[in-house]
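*Asks:* Next up is a structure, given as C-alpha cells.
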Amino acid sequence: MSVDPAQPDAQGVKEEAVSWKEDQERYENLQPKNKPRTPKPEHALTIAVSSRALFDLDVERQIFEEEGVEKYVSYQIEHEEEPLPKGAAFPFVEALEVVNERLRELCPDTDDLFDVVLMTNNHAQIGVRLINSINYYGLNIERFCMTGGKSPIRYLKAYQTNLYLSADGFKVEEALKEGIAAATIFKPMSNSQPKSTELRVAFDGDAVLFSDESEEIVKEHGLDVFFEHEKANVDNPLAQGPMKGLLEIMGRIQKKFHEQGERLECPIRTYLVTARSAASSGARTLKTLRSWGLEIDEALFLAGAPKGPLLERIRPHIFFDDQMFHIEGAKELGTIAAHVPFGIAQKSKKKKKKSASFSSKT
Ligand SMILES: [Mg+2]
C-alpha cells in the first residue's frame with residue numbers, strides 16, 4: 001500500500017480509470033429530454049452546409065462587399081435578434097430532419113441519422129445571429145464550424161463530411177479536389193415549395209452519379225460514336241461519379257424503411273434525370289446502378305429534351321447536375337439546383353472563357 005496519499009497504489013489507479021470511464025460514458029449518454037439526440041459523429045451521415053446556403057444573406061453580403069468587414073460584423077450584431085430569411089439549402093435540411101424523425105420512430109436505437117453541420121468562414125461574432133436563426137426555425141443543428149475568414153474546407157474531412165453544400169463555387173471546387181462530394185446550391189427564381197413529408201433528391205447521370213467517360217466521347221466524337229460506344233460497352237459498368245456516395249447513403253436509409261415493411265411510406269425518393277435516351281444509351285446506366293447494388297426510384301431519360309419542365313413536376317429538394325445550362329433551366333422553373341463542377345463540361349467551360357478573354361484582347 002502506498003504511504004504517500006499523492007501517489008495512489010495500483011488499485012487506486014485502476015479504480016480511478018474505471019470511474020473516469022464511467023464518467024465519460026455517463027457524459028456521452030447525457031441527452032436533453034425534449035430535444036432529439038444528435039447522432040455520434042462516427043455513425044452520422046454528415047451534411048455540411050455553408051451559412052449562405054442555409055440562409056439568405058444577400059443583404060449582409062452586399063454590406064460586406066461595399067462597406068467592408070467591420071461594417072458587416074457590426075450590422076450582424078445589431079440585427080442579432082432578427083432571424084435570417086431561408087436560403088436555398090433550407091428545404092433540403094428541413095427534409096433531412098423529417099427523415100430523421102421517421103427513422104427515430106422506426107428504429108429508436110439507430111445512429112444512422114443525418115447530421116447537419118454548419119460550416120462557415122464567418123467570424124464567431126456572427127455566430128449568435130446564426131444560432132438565433134436556427135433556433136427560431138427549430139432546426140436541430142448542433143455542430144458548428146466557424147473559421148473566421150479562413151476557408152473551412154480543411155475541416156470537412158475531420159467532420160467526416162458526406163456532402164458539402166455551399167453558395168461559393170470556388171470552395172466547392174476545393175472540396176471536390178479533396179475527394180468530398182460537393183455542390184454549389186442556387187436559389188430558384190420562382191418559389192415552388194417542395195413536398196414537406198418526403199425528401200426528394202434528383203441526380204443527373206454522367207459526371208454526377210457516374211464518371212464523365214461517356215460525356216468525353218460525346219464532346220470529342222459526337223453522338224453517333226457515343227451511341228456505338230455505349231452499345232459496345234453495355235455490360236461494362238461506368239466508373240463512379242462524385243454523387244454516387246450520396247445515392248448509396250439514401251439507399252441505406254431507404255432499406256431500413258423497406259425492411260420494416262414501409263416501402264410505400266418511405267420518406268426518401270430518388271430520381272435519375274438524364275439527357276441520355278433510353279433506347280440507345282439508357283441500359284448501361286441502369287446496369288451500372290444494378291452492378292453497384294443501388295436502386296433509383298424513378299429513372300427519366302430525356303433524350304436531349306430540357307430538364308426544367310420535368311423537374312418542375314418532381315419538385316425535388318435538390319437536383320444535382322454538372323452542366324450550368326441544365327442548372328439555369330431548372331432554376332428558372334422553380335427547382336432548387338446544385339452544380340457539381342466535375343468532369344469534361346468544366347474543362348470546355350474554362351476553355352471557352354479563355355478564348356473569350358483572348359478574343360476580347362485582340
Ligand atoms: Mg451530366
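Residue names in the C-alpha cells use chain letters A, B, ... in the order shown, residue numbers from 1 in each chain, and ligand numbers from 1 in the order shown.
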Write out as a PDB file with N, CA and C atoms, in the first residue's frame the set of residues from stretch 106-279 of chain A that DSSP, computed on the backbone, places in alpha helix (DSSP H).
*Replies:*
```pdb
ATOM      1  N   LEU A 106     -39.021   4.613 -36.142  1.00  0.00           N
ATOM      2  CA  LEU A 106     -38.955   3.253 -36.665  1.00  0.00           C
ATOM      3  C   LEU A 106     -37.863   2.428 -35.987  1.00  0.00           C
ATOM      4  N   GLY A 127     -21.910  34.277 -35.030  1.00  0.00           N
ATOM      5  CA  GLY A 127     -22.499  33.031 -34.525  1.00  0.00           C
ATOM      6  C   GLY A 127     -23.826  33.219 -33.812  1.00  0.00           C
ATOM      7  N   VAL A 128     -23.951  34.297 -33.027  1.00  0.00           N
ATOM      8  CA  VAL A 128     -25.182  34.481 -32.240  1.00  0.00           C
ATOM      9  C   VAL A 128     -26.380  34.616 -33.179  1.00  0.00           C
ATOM     10  N   ARG A 129     -26.205  35.379 -34.273  1.00  0.00           N
ATOM     11  CA  ARG A 129     -27.343  35.547 -35.197  1.00  0.00           C
ATOM     12  C   ARG A 129     -27.677  34.213 -35.874  1.00  0.00           C
ATOM     13  N   LEU A 130     -26.637  33.442 -36.215  1.00  0.00           N
ATOM     14  CA  LEU A 130     -26.886  32.147 -36.857  1.00  0.00           C
ATOM     15  C   LEU A 130     -27.599  31.200 -35.886  1.00  0.00           C
ATOM     16  N   ILE A 131     -27.137  31.180 -34.630  1.00  0.00           N
ATOM     17  CA  ILE A 131     -27.772  30.314 -33.623  1.00  0.00           C
ATOM     18  C   ILE A 131     -29.216  30.753 -33.397  1.00  0.00           C
ATOM     19  N   ASN A 132     -29.428  32.070 -33.268  1.00  0.00           N
ATOM     20  CA  ASN A 132     -30.794  32.575 -33.064  1.00  0.00           C
ATOM     21  C   ASN A 132     -31.698  32.166 -34.228  1.00  0.00           C
ATOM     22  N   SER A 133     -31.166  32.250 -35.451  1.00  0.00           N
ATOM     23  CA  SER A 133     -31.979  31.895 -36.622  1.00  0.00           C
ATOM     24  C   SER A 133     -32.301  30.406 -36.624  1.00  0.00           C
ATOM     25  N   ILE A 134     -31.305  29.583 -36.301  1.00  0.00           N
ATOM     26  CA  ILE A 134     -31.517  28.124 -36.252  1.00  0.00           C
ATOM     27  C   ILE A 134     -32.585  27.787 -35.205  1.00  0.00           C
ATOM     28  N   ASN A 135     -32.493  28.425 -34.053  1.00  0.00           N
ATOM     29  CA  ASN A 135     -33.484  28.172 -33.001  1.00  0.00           C
ATOM     30  C   ASN A 135     -34.860  28.705 -33.376  1.00  0.00           C
ATOM     31  N   TYR A 136     -34.890  29.840 -34.061  1.00  0.00           N
ATOM     32  CA  TYR A 136     -36.170  30.434 -34.472  1.00  0.00           C
ATOM     33  C   TYR A 136     -36.946  29.455 -35.358  1.00  0.00           C
ATOM     34  N   TYR A 137     -36.224  28.797 -36.274  1.00  0.00           N
ATOM     35  CA  TYR A 137     -36.886  27.851 -37.195  1.00  0.00           C
ATOM     36  C   TYR A 137     -37.001  26.438 -36.595  1.00  0.00           C
ATOM     37  N   ILE A 153     -12.700  24.385 -45.755  1.00  0.00           N
ATOM     38  CA  ILE A 153     -12.579  23.104 -46.471  1.00  0.00           C
ATOM     39  C   ILE A 153     -11.690  22.109 -45.737  1.00  0.00           C
ATOM     40  N   ARG A 154     -10.605  22.621 -45.102  1.00  0.00           N
ATOM     41  CA  ARG A 154      -9.684  21.699 -44.428  1.00  0.00           C
ATOM     42  C   ARG A 154     -10.357  20.948 -43.272  1.00  0.00           C
ATOM     43  N   TYR A 155     -11.505  21.459 -42.785  1.00  0.00           N
ATOM     44  CA  TYR A 155     -12.180  20.763 -41.683  1.00  0.00           C
ATOM     45  C   TYR A 155     -13.193  19.718 -42.158  1.00  0.00           C
ATOM     46  N   LEU A 156     -13.514  19.735 -43.457  1.00  0.00           N
ATOM     47  CA  LEU A 156     -14.570  18.838 -43.944  1.00  0.00           C
ATOM     48  C   LEU A 156     -14.243  17.379 -43.652  1.00  0.00           C
ATOM     49  N   GLY A 169     -18.773  28.726 -55.412  1.00  0.00           N
ATOM     50  CA  GLY A 169     -18.269  27.724 -56.349  1.00  0.00           C
ATOM     51  C   GLY A 169     -16.800  27.377 -56.156  1.00  0.00           C
ATOM     52  N   PHE A 170     -15.989  28.336 -55.704  1.00  0.00           N
ATOM     53  CA  PHE A 170     -14.552  28.066 -55.529  1.00  0.00           C
ATOM     54  C   PHE A 170     -14.332  27.077 -54.388  1.00  0.00           C
ATOM     55  N   LYS A 171     -15.097  27.260 -53.318  1.00  0.00           N
ATOM     56  CA  LYS A 171     -14.935  26.353 -52.169  1.00  0.00           C
ATOM     57  C   LYS A 171     -15.407  24.951 -52.557  1.00  0.00           C
ATOM     58  N   VAL A 172     -16.453  24.902 -53.373  1.00  0.00           N
ATOM     59  CA  VAL A 172     -16.975  23.602 -53.814  1.00  0.00           C
ATOM     60  C   VAL A 172     -15.910  22.884 -54.652  1.00  0.00           C
ATOM     61  N   GLU A 173     -15.261  23.624 -55.550  1.00  0.00           N
ATOM     62  CA  GLU A 173     -14.183  23.014 -56.353  1.00  0.00           C
ATOM     63  C   GLU A 173     -13.072  22.503 -55.459  1.00  0.00           C
ATOM     64  N   GLU A 174     -12.733  23.291 -54.445  1.00  0.00           N
ATOM     65  CA  GLU A 174     -11.685  22.908 -53.499  1.00  0.00           C
ATOM     66  C   GLU A 174     -12.050  21.599 -52.788  1.00  0.00           C
ATOM     67  N   ALA A 175     -13.331  21.514 -52.362  1.00  0.00           N
ATOM     68  CA  ALA A 175     -13.788  20.318 -51.652  1.00  0.00           C
ATOM     69  C   ALA A 175     -13.751  19.091 -52.566  1.00  0.00           C
ATOM     70  N   LEU A 176     -14.196  19.264 -53.809  1.00  0.00           N
ATOM     71  CA  LEU A 176     -14.180  18.136 -54.759  1.00  0.00           C
ATOM     72  C   LEU A 176     -12.753  17.634 -54.976  1.00  0.00           C
ATOM     73  N   LYS A 177     -11.808  18.577 -55.034  1.00  0.00           N
ATOM     74  CA  LYS A 177     -10.399  18.188 -55.199  1.00  0.00           C
ATOM     75  C   LYS A 177      -9.923  17.363 -54.007  1.00  0.00           C
ATOM     76  N   GLU A 213     -16.747   9.636 -68.395  1.00  0.00           N
ATOM     77  CA  GLU A 213     -16.094   8.972 -69.535  1.00  0.00           C
ATOM     78  C   GLU A 213     -16.951   8.993 -70.804  1.00  0.00           C
ATOM     79  N   SER A 214     -18.282   8.814 -70.668  1.00  0.00           N
ATOM     80  CA  SER A 214     -19.127   8.792 -71.866  1.00  0.00           C
ATOM     81  C   SER A 214     -19.318  10.195 -72.425  1.00  0.00           C
ATOM     82  N   GLU A 215     -19.395  11.163 -71.496  1.00  0.00           N
ATOM     83  CA  GLU A 215     -19.562  12.550 -71.938  1.00  0.00           C
ATOM     84  C   GLU A 215     -18.347  13.004 -72.748  1.00  0.00           C
ATOM     85  N   GLU A 216     -17.184  12.514 -72.364  1.00  0.00           N
ATOM     86  CA  GLU A 216     -15.962  12.848 -73.118  1.00  0.00           C
ATOM     87  C   GLU A 216     -16.096  12.396 -74.559  1.00  0.00           C
ATOM     88  N   ILE A 217     -16.682  11.219 -74.748  1.00  0.00           N
ATOM     89  CA  ILE A 217     -16.840  10.693 -76.117  1.00  0.00           C
ATOM     90  C   ILE A 217     -17.812  11.555 -76.915  1.00  0.00           C
ATOM     91  N   VAL A 218     -18.925  11.964 -76.289  1.00  0.00           N
ATOM     92  CA  VAL A 218     -19.876  12.849 -76.981  1.00  0.00           C
ATOM     93  C   VAL A 218     -19.164  14.121 -77.410  1.00  0.00           C
ATOM     94  N   LYS A 219     -18.447  14.728 -76.446  1.00  0.00           N
ATOM     95  CA  LYS A 219     -17.796  16.019 -76.727  1.00  0.00           C
ATOM     96  C   LYS A 219     -16.746  15.886 -77.828  1.00  0.00           C
ATOM     97  N   GLU A 220     -15.999  14.768 -77.810  1.00  0.00           N
ATOM     98  CA  GLU A 220     -14.882  14.659 -78.760  1.00  0.00           C
ATOM     99  C   GLU A 220     -15.266  14.057 -80.103  1.00  0.00           C
ATOM    100  N   HIS A 221     -16.241  13.111 -80.083  1.00  0.00           N
ATOM    101  CA  HIS A 221     -16.537  12.393 -81.340  1.00  0.00           C
ATOM    102  C   HIS A 221     -17.977  12.524 -81.806  1.00  0.00           C
ATOM    103  N   LEU A 223     -22.445  12.403 -81.228  1.00  0.00           N
ATOM    104  CA  LEU A 223     -23.463  11.479 -80.690  1.00  0.00           C
ATOM    105  C   LEU A 223     -23.415  10.087 -81.291  1.00  0.00           C
ATOM    106  N   ASP A 224     -23.153   9.974 -82.634  1.00  0.00           N
ATOM    107  CA  ASP A 224     -23.181   8.650 -83.269  1.00  0.00           C
ATOM    108  C   ASP A 224     -22.127   7.721 -82.677  1.00  0.00           C
ATOM    109  N   VAL A 225     -20.911   8.238 -82.524  1.00  0.00           N
ATOM    110  CA  VAL A 225     -19.831   7.423 -81.933  1.00  0.00           C
ATOM    111  C   VAL A 225     -20.206   7.062 -80.489  1.00  0.00           C
ATOM    112  N   PHE A 226     -20.813   8.012 -79.780  1.00  0.00           N
ATOM    113  CA  PHE A 226     -21.241   7.774 -78.386  1.00  0.00           C
ATOM    114  C   PHE A 226     -22.242   6.608 -78.315  1.00  0.00           C
ATOM    115  N   PHE A 227     -23.259   6.614 -79.208  1.00  0.00           N
ATOM    116  CA  PHE A 227     -24.263   5.542 -79.195  1.00  0.00           C
ATOM    117  C   PHE A 227     -23.588   4.192 -79.447  1.00  0.00           C
ATOM    118  N   GLU A 228     -22.675   4.149 -80.430  1.00  0.00           N
ATOM    119  CA  GLU A 228     -21.946   2.907 -80.744  1.00  0.00           C
ATOM    120  C   GLU A 228     -21.154   2.442 -79.522  1.00  0.00           C
ATOM    121  N   HIS A 229     -20.490   3.399 -78.900  1.00  0.00           N
ATOM    122  CA  HIS A 229     -19.635   3.102 -77.734  1.00  0.00           C
ATOM    123  C   HIS A 229     -20.471   2.525 -76.589  1.00  0.00           C
ATOM    124  N   GLU A 230     -21.642   3.129 -76.340  1.00  0.00           N
ATOM    125  CA  GLU A 230     -22.492   2.669 -75.234  1.00  0.00           C
ATOM    126  C   GLU A 230     -23.054   1.281 -75.513  1.00  0.00           C
ATOM    127  N   LYS A 231     -23.370   1.038 -76.806  1.00  0.00           N
ATOM    128  CA  LYS A 231     -23.893  -0.285 -77.186  1.00  0.00           C
ATOM    129  C   LYS A 231     -22.814  -1.351 -76.964  1.00  0.00           C
ATOM    130  N   ALA A 232     -21.587  -1.029 -77.390  1.00  0.00           N
ATOM    131  CA  ALA A 232     -20.487  -1.995 -77.254  1.00  0.00           C
ATOM    132  C   ALA A 232     -20.128  -2.237 -75.787  1.00  0.00           C
ATOM    133  N   LYS A 244     -22.128   9.413 -56.247  1.00  0.00           N
ATOM    134  CA  LYS A 244     -22.536   8.016 -56.043  1.00  0.00           C
ATOM    135  C   LYS A 244     -22.696   7.721 -54.534  1.00  0.00           C
ATOM    136  N   GLY A 245     -21.758   8.248 -53.738  1.00  0.00           N
ATOM    137  CA  GLY A 245     -21.793   8.003 -52.289  1.00  0.00           C
ATOM    138  C   GLY A 245     -23.088   8.503 -51.665  1.00  0.00           C
ATOM    139  N   LEU A 246     -23.602   9.625 -52.163  1.00  0.00           N
ATOM    140  CA  LEU A 246     -24.833  10.182 -51.599  1.00  0.00           C
ATOM    141  C   LEU A 246     -26.021   9.280 -51.932  1.00  0.00           C
ATOM    142  N   LEU A 247     -26.052   8.762 -53.164  1.00  0.00           N
ATOM    143  CA  LEU A 247     -27.134   7.851 -53.539  1.00  0.00           C
ATOM    144  C   LEU A 247     -27.064   6.573 -52.680  1.00  0.00           C
ATOM    145  N   GLU A 248     -25.835   6.164 -52.378  1.00  0.00           N
ATOM    146  CA  GLU A 248     -25.617   4.987 -51.542  1.00  0.00           C
ATOM    147  C   GLU A 248     -26.219   5.199 -50.152  1.00  0.00           C
ATOM    148  N   ILE A 249     -25.961   6.405 -49.605  1.00  0.00           N
ATOM    149  CA  ILE A 249     -26.496   6.741 -48.276  1.00  0.00           C
ATOM    150  C   ILE A 249     -28.016   6.741 -48.303  1.00  0.00           C
ATOM    151  N   MET A 250     -28.581   7.383 -49.342  1.00  0.00           N
ATOM    152  CA  MET A 250     -30.048   7.442 -49.458  1.00  0.00           C
ATOM    153  C   MET A 250     -30.602   6.011 -49.512  1.00  0.00           C
ATOM    154  N   GLY A 251     -29.906   5.151 -50.268  1.00  0.00           N
ATOM    155  CA  GLY A 251     -30.345   3.760 -50.417  1.00  0.00           C
ATOM    156  C   GLY A 251     -30.287   3.014 -49.094  1.00  0.00           C
ATOM    157  N   ARG A 252     -29.236   3.299 -48.303  1.00  0.00           N
ATOM    158  CA  ARG A 252     -29.069   2.628 -47.000  1.00  0.00           C
ATOM    159  C   ARG A 252     -30.233   2.970 -46.072  1.00  0.00           C
ATOM    160  N   ILE A 253     -30.625   4.243 -46.088  1.00  0.00           N
ATOM    161  CA  ILE A 253     -31.730   4.674 -45.224  1.00  0.00           C
ATOM    162  C   ILE A 253     -33.053   4.101 -45.758  1.00  0.00           C
ATOM    163  N   GLN A 254     -33.204   4.140 -47.081  1.00  0.00           N
ATOM    164  CA  GLN A 254     -34.449   3.601 -47.662  1.00  0.00           C
ATOM    165  C   GLN A 254     -34.631   2.133 -47.249  1.00  0.00           C
ATOM    166  N   LYS A 255     -33.508   1.399 -47.257  1.00  0.00           N
ATOM    167  CA  LYS A 255     -33.558  -0.027 -46.935  1.00  0.00           C
ATOM    168  C   LYS A 255     -34.126  -0.260 -45.539  1.00  0.00           C
ATOM    169  N   LYS A 256     -33.789   0.627 -44.602  1.00  0.00           N
ATOM    170  CA  LYS A 256     -34.304   0.482 -43.234  1.00  0.00           C
ATOM    171  C   LYS A 256     -35.843   0.527 -43.243  1.00  0.00           C
ATOM    172  N   PHE A 257     -36.398   1.407 -44.081  1.00  0.00           N
ATOM    173  CA  PHE A 257     -37.862   1.506 -44.170  1.00  0.00           C
ATOM    174  C   PHE A 257     -38.420   0.270 -44.866  1.00  0.00           C
ATOM    175  N   HIS A 258     -37.729  -0.165 -45.935  1.00  0.00           N
ATOM    176  CA  HIS A 258     -38.201  -1.337 -46.677  1.00  0.00           C
ATOM    177  C   HIS A 258     -38.228  -2.557 -45.752  1.00  0.00           C
ATOM    178  N   GLU A 259     -37.155  -2.720 -44.943  1.00  0.00           N
ATOM    179  CA  GLU A 259     -37.060  -3.891 -44.060  1.00  0.00           C
ATOM    180  C   GLU A 259     -38.179  -3.931 -43.026  1.00  0.00           C
TER     181      GLU A 259
END
```
*Asks:* Near A:Pro188, within 8 Å and counting only C-alpha atoms, which residues show up once chain neighbours fewer than 2 positions away are dropped, as a PyMOL selection string?
*Replies:* chain A and resi 88+186+190-191+330-337
*Asks:* Distance limit 8 Å, reference ligand 1, atoms considered: only C-alpha atoms and all ligand atoms. Which residues make the cut? Give them as a PyMOL selection string.
*Replies:* chain A and resi 204-208+212+215+274-275+321-323+345
*Asks:* Take the residues just selected and output them with N, CA and C atoms as a short mmCIF file (atom, residue, chain, number, x, y, z; two decimals), in the first residue's frame.
*Replies:*
```cif
data_model
loop_
_atom_site.label_atom_id
_atom_site.label_comp_id
_atom_site.auth_asym_id
_atom_site.auth_seq_id
_atom_site.Cartn_x
_atom_site.Cartn_y
_atom_site.Cartn_z
N ASP A 204 -28.45 14.02 -61.93
CA ASP A 204 -28.08 13.80 -63.32
C ASP A 204 -27.21 12.53 -63.33
N GLY A 205 -27.04 11.93 -64.52
CA GLY A 205 -26.23 10.71 -64.61
C GLY A 205 -24.75 11.00 -64.81
N ASP A 206 -24.38 11.32 -66.07
CA ASP A 206 -22.97 11.47 -66.41
C ASP A 206 -22.32 12.65 -65.69
N ALA A 207 -21.16 12.37 -65.12
CA ALA A 207 -20.36 13.34 -64.37
C ALA A 207 -21.02 13.77 -63.05
N VAL A 208 -22.07 13.04 -62.63
CA VAL A 208 -22.68 13.30 -61.32
C VAL A 208 -22.73 11.98 -60.54
N ASP A 212 -17.34 10.89 -66.06
CA ASP A 212 -17.65 11.65 -67.28
C ASP A 212 -17.09 10.96 -68.53
N GLU A 215 -19.40 11.16 -71.50
CA GLU A 215 -19.56 12.55 -71.94
C GLU A 215 -18.35 13.00 -72.75
N THR A 274 -31.70 12.24 -66.67
CA THR A 274 -30.56 12.30 -67.58
C THR A 274 -30.96 12.69 -68.99
N ALA A 275 -30.03 13.36 -69.68
CA ALA A 275 -30.27 13.76 -71.07
C ALA A 275 -30.08 12.58 -72.03
N ASP A 321 -26.52 18.59 -61.01
CA ASP A 321 -26.12 18.45 -62.41
C ASP A 321 -24.73 19.09 -62.59
N ASP A 322 -23.99 18.57 -63.59
CA ASP A 322 -22.64 19.12 -63.82
C ASP A 322 -22.64 20.23 -64.86
N GLN A 323 -23.78 20.42 -65.55
CA GLN A 323 -23.79 21.41 -66.64
C GLN A 323 -24.64 22.62 -66.23
N ALA A 345 -17.21 18.83 -68.87
CA ALA A 345 -18.01 20.04 -69.11
C ALA A 345 -17.33 21.27 -68.52
#
```
*Asks:* From the set A:Lys287, A:Gly222, A:Phe301, A:Ser211, which residue has the shortest atom-to-atom contact distance to A:Ile344, counting only C-alpha atoms?
*Replies:*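 Selected residue with least distance to A:Ile344: A:Ser211.
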*Asks:* Among stretch 170-348 of chain A, which residues does DSSP mark as strand (DSSP E or B) when it is run on the backbone? Keep the chain and numbering as in the structure and answer as number ranges by chain.
*Replies:* A: 182-186, 199-203, 206, 210, 240, 268-274, 298-301, 318-321, 337-339
*Asks:* Please measure the separation of atom CA of A:Leu163 and atom CA of A:Leu57, giving the value in Å to one decimal.
*Replies:*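 Value for the atom CA of A:Leu163-atom CA of A:Leu57 distance: 21.3 Å.
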*Asks:* Can you measure atom CA of A:Ser281 to atom CA of A:Glu328 for me? One decimal in Å is fine.
*Replies:*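 Calculated distance between atom CA of A:Ser281 and atom CA of A:Glu328 is 24.7 Å.
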*Asks:* List the neighbours of A:Pro194 out to 8 Å using only C-alpha atoms; skip same-chain residues closer than 3 positions along the sequence, and give me the result as a PyMOL selection string.
*Replies:* chain A and resi 91+315-317
*Asks:* Using only C-alpha atoms, which residues sit within 6 Å of A:Lys86 once same-chain residues fewer than 3 positions away are excluded, as JSON, numbers by chain?
*Replies:* {"A": [55, 56, 90]}
*Asks:* Next, dump the selected residues to file, keeping only N, CA and C atoms, as a CSV table (one decimal), in the first residue's frame.
*Replies:*
```
chain,number,residue,atom,x,y,z
A,55,PHE,N,-29.0,30.0,-45.2
A,55,PHE,CA,-29.8,31.3,-45.0
A,55,PHE,C,-29.6,32.2,-46.2
A,56,ASP,N,-30.5,33.1,-46.4
A,56,ASP,CA,-30.4,34.2,-47.4
A,56,ASP,C,-29.6,35.3,-46.8
A,90,PHE,N,-32.2,25.4,-47.3
A,90,PHE,CA,-33.1,25.3,-46.1
A,90,PHE,C,-34.1,24.1,-46.3
```
*Asks:* Closest to A:Ile47 among A:Arg61, A:Arg269, A:Lys157, A:Arg26, using only C-alpha atoms?
*Replies:*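 Checking each of A:Arg61, A:Arg269, A:Lys157, A:Arg26 against A:Ile47, counting only C-alpha atoms, the winner is A:Lys157.
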*Asks:* Identify which of the residues A:Ser51, A:Asp168, A:Thr147, A:Arg200 lies closest to A:Pro267, counting only C-alpha atoms when measuring atom-to-atom distances.
*Replies:*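 The answer is A:Arg200, which sits nearest to A:Pro267.
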*Asks:* Hey, can you check how far atom CA of A:Gly329 sits from atom CA of A:Gly179?
*Replies:*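 Separation of atom CA of A:Gly329 and atom CA of A:Gly179: 27.8 Å.
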*Asks:* Can you tell me which residues surround A:Val98 at a distance of at most 12 Å, considering only C-alpha atoms, apart from same-chain residues fewer than 3 positions away, and format the answer as a PyMOL selection string?
*Replies:* chain A and resi 36+91-95+101-105+113-114+139-140+195-200+266-268
